[in-house]
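Asks: Sharing a structure here in structure tokens format.
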Amino acid sequence: MPALASHRKPRTRVRTTTPAVGLTTAALASVTLLSAQSATAAPAPKPSIEDVQKKVDDLYRQAGTATQQYNRAKEASATQRAKADALLEDVAKRADKLNDARRTLGAYAAAQYRTGSIAPSATFFLADDPQAYFDQSRLMSRMTGQQQKAVTDFRTQQAKASRKRAEAVRSLETLTSAQTTLRTSKQNVQKKLGEARAMLSKLTAEEKARLAALERKKEAEAERKAQELARQQAAARAEADRKAAEAAKGAESGSGTGTGTGTGSGSSATTKAEKALAFAAAQIGKPYAWGATGPSSYDCSGLTQAAWKAAGVGLPRTTWDQVKTGTRIATADLQPGDLVFFYDDISHVGIYKGDGMMIHAPKPGANVREESIYYMPIHGSVRPS
């Protein structure tokens, strides 16, 4: 019997290739190459000394701003604490008055409980004599009026005590907020100063020397500008003196009946400015400390506040408030004792000494000293009064 033909298709052999292995090998090689390139890549360029100087100066300026925020928050916290204490004391006094009113009501209630309530006709018949009844009736009438007053007083004291308690609660909440702001401001100051110190600590001895050279160059330029201002102010004073002399000469050749009734207010202002400046000069050499108002250390606005206080003039605590006190003065018209403010955010202040120089508490790590007013960008000037 012939064999039947097979209908099964012949098995097709599948050729196995390894392109995936090749791709994987290529990818690994690429990664290795990139890793090697990354490892041998040049580090990020180190900032120049000029950039470091600008950054450090900016950090100190930011610390100055944060210091003024701290000063404002500290003052607000102290004010709010005094207000809260006064309110709590008032609440305690009103609580005593409320308790007095409550005791008075209690006494009336106890008296009513003991005597009970008897009809007037029964009281008339039970009285020893008619006159005694009428005397007792008038007394009870007066007692009823006193009771009504006691009730009114109690309600009044209760309402006042409630209002004061609510006010005291709000005041304490405000105090908590002020204290939170105070802590935040303190942390901001410490953060900025820490960043500045960290940046300076990374400098080599050579870099520190170059930074010091840049600082000397900056100071020399500021002093040059101060000397130019001094020359301009001297010329202006000479011109003013010349005109005054001419005016006096003209007056002498006239009727000669001048009254001489000057008020002396200018002289008084000059004396105060001299006292303020003398105080500031006596603080030279004392260290800067943020938030300090003396006597052993100062921040910038603490020094100017203390100086003018010595002259009998009260100034606010912060630069932002001090700049609003007194008369605005152009730089060319500055006189000793005037306050000079710096930066767009008005975060620094010094007291003008004359000839383009000031006395100020500069920054952490420095002492109170004389310096050109052109060492920092000037915002404006004020003459306290």
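To be explicit about the labels: the chains of the structure tokens are called A, B, and onward in the order shown, and within each one the residues are counted from 1, while ligands get numbers from 1 in the order they are shown.
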Would you list the contacts of Ala307 (chain A) as a list in words, taking every protein, DNA or RNA residue within 10 Å and counting only C-alpha atoms, but skipping same-chain residues closer than 4 positions in sequence?
Replies: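 In the requested format, the answer is Lys272, Ala273, Glu274, Lys275, Ala276, Leu277, Ala278, Phe279, Ala280, Ala281, Ala282, Gln283, Ser301, Gly302, Leu303, Ala311, Gly312, Val313, Gly314, Leu315, Gly337 and Ile351 of chain A.
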Asks: Please dump the current selection as a short mmCIF file (atom, residue, chain, number, x, y, z; two decimals), in the first residue's frame; keep C-alpha atoms.
Replies:
```cif
data_model
loop_
_atom_site.label_atom_id
_atom_site.label_comp_id
_atom_site.auth_asym_id
_atom_site.auth_seq_id
_atom_site.Cartn_x
_atom_site.Cartn_y
_atom_site.Cartn_z
CA LYS A 272 21.70 120.73 69.96
CA ALA A 273 23.45 119.51 66.81
CA GLU A 274 26.83 120.07 68.47
CA LYS A 275 25.75 118.04 71.50
CA ALA A 276 24.48 115.20 69.30
CA LEU A 277 27.70 115.18 67.29
CA ALA A 278 29.85 115.30 70.42
CA PHE A 279 28.01 112.27 71.81
CA ALA A 280 28.47 110.35 68.55
CA ALA A 281 32.18 111.21 68.48
CA ALA A 282 32.56 109.85 72.02
CA GLN A 283 31.25 106.47 70.84
CA SER A 301 19.91 103.87 64.04
CA GLY A 302 20.60 103.07 67.69
CA LEU A 303 23.62 105.40 67.54
CA ALA A 311 20.86 116.70 72.84
CA GLY A 312 17.31 116.53 74.21
CA VAL A 313 15.64 115.47 70.98
CA GLY A 314 13.71 112.20 70.76
CA LEU A 315 14.05 110.19 67.55
CA GLY A 337 24.44 116.89 63.23
CA ILE A 351 25.31 111.53 61.59
#
```
Asks: Could you give me, as a ChimeraX atom specification, the residues within 12 Å of Ser347 (chain A), counting only C-alpha atoms and dropping anything in the same chain fewer than 2 positions from it?
Replies: /A:58,60-71,299-301,318-323,340-345,349-350,362-363,376-380
Asks: With distances taken over only C-alpha atoms, which residue among A:Arg94, A:Arg183, A:Arg102, A:Arg317 lies nearest Thr152 (chain A)?
Replies: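 The answer is A:Arg102, which sits nearest to Thr152 (chain A).
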Asks: Which parts of region 144-342 of chain A does DSSP call strand (DSSP E) when run on the backbone here, written out as a PyMOL selection string?
Replies: chain A and resi 327-329+339-342
Asks: Could you tell me, as a ChimeraX atom specification, which residues of region 177-384 of chain A DSSP assigns to alpha helix (DSSP H) when given the backbone?
Replies: /A:177-201,205-252,265-282,300-310,319-322
Asks: With only C-alpha atoms as the atoms that count, which of A:Asn99, A:Gln335, A:Thr174, A:Ser162 lies nearest to Ala234 (chain A)?
Replies: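 Of A:Asn99, A:Gln335, A:Thr174, A:Ser162, the one nearest Ala234 (chain A), counting only C-alpha atoms, is A:Gln335.
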Asks: Kindly indicate which residue among A:Lys202, A:Leu182, A:Thr327, A:Arg72 lies nearest to Lys46 (chain A), using only C-alpha atoms for the distances.
Replies: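 Closest residue, counting only C-alpha atoms: A:Lys202.
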Asks: Contacts of Ser381 (chain A) at 8 Å or less, counting only C-alpha atoms, minus same-chain residues fewer than 5 places along, as a VMD selection string?
Replies: chain A and resid 323 328 to 331 334 338 to 341
Asks: Using only C-alpha atoms, can you tell me which of A:Leu193, A:Leu59, A:Ala161, A:Ile284 comes closest to Ala95 (chain A)?
Replies: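 Closest to Ala95 (chain A) of all the choices is A:Ala161.
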Asks: Restricting the calculation to only C-alpha atoms, which member of A:Lys55, A:Arg216, A:Arg103, A:Arg163 is positioned closest to Glu195 (chain A)?
Replies: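 Closest to Glu195 (chain A), using only C-alpha atoms: A:Lys55.
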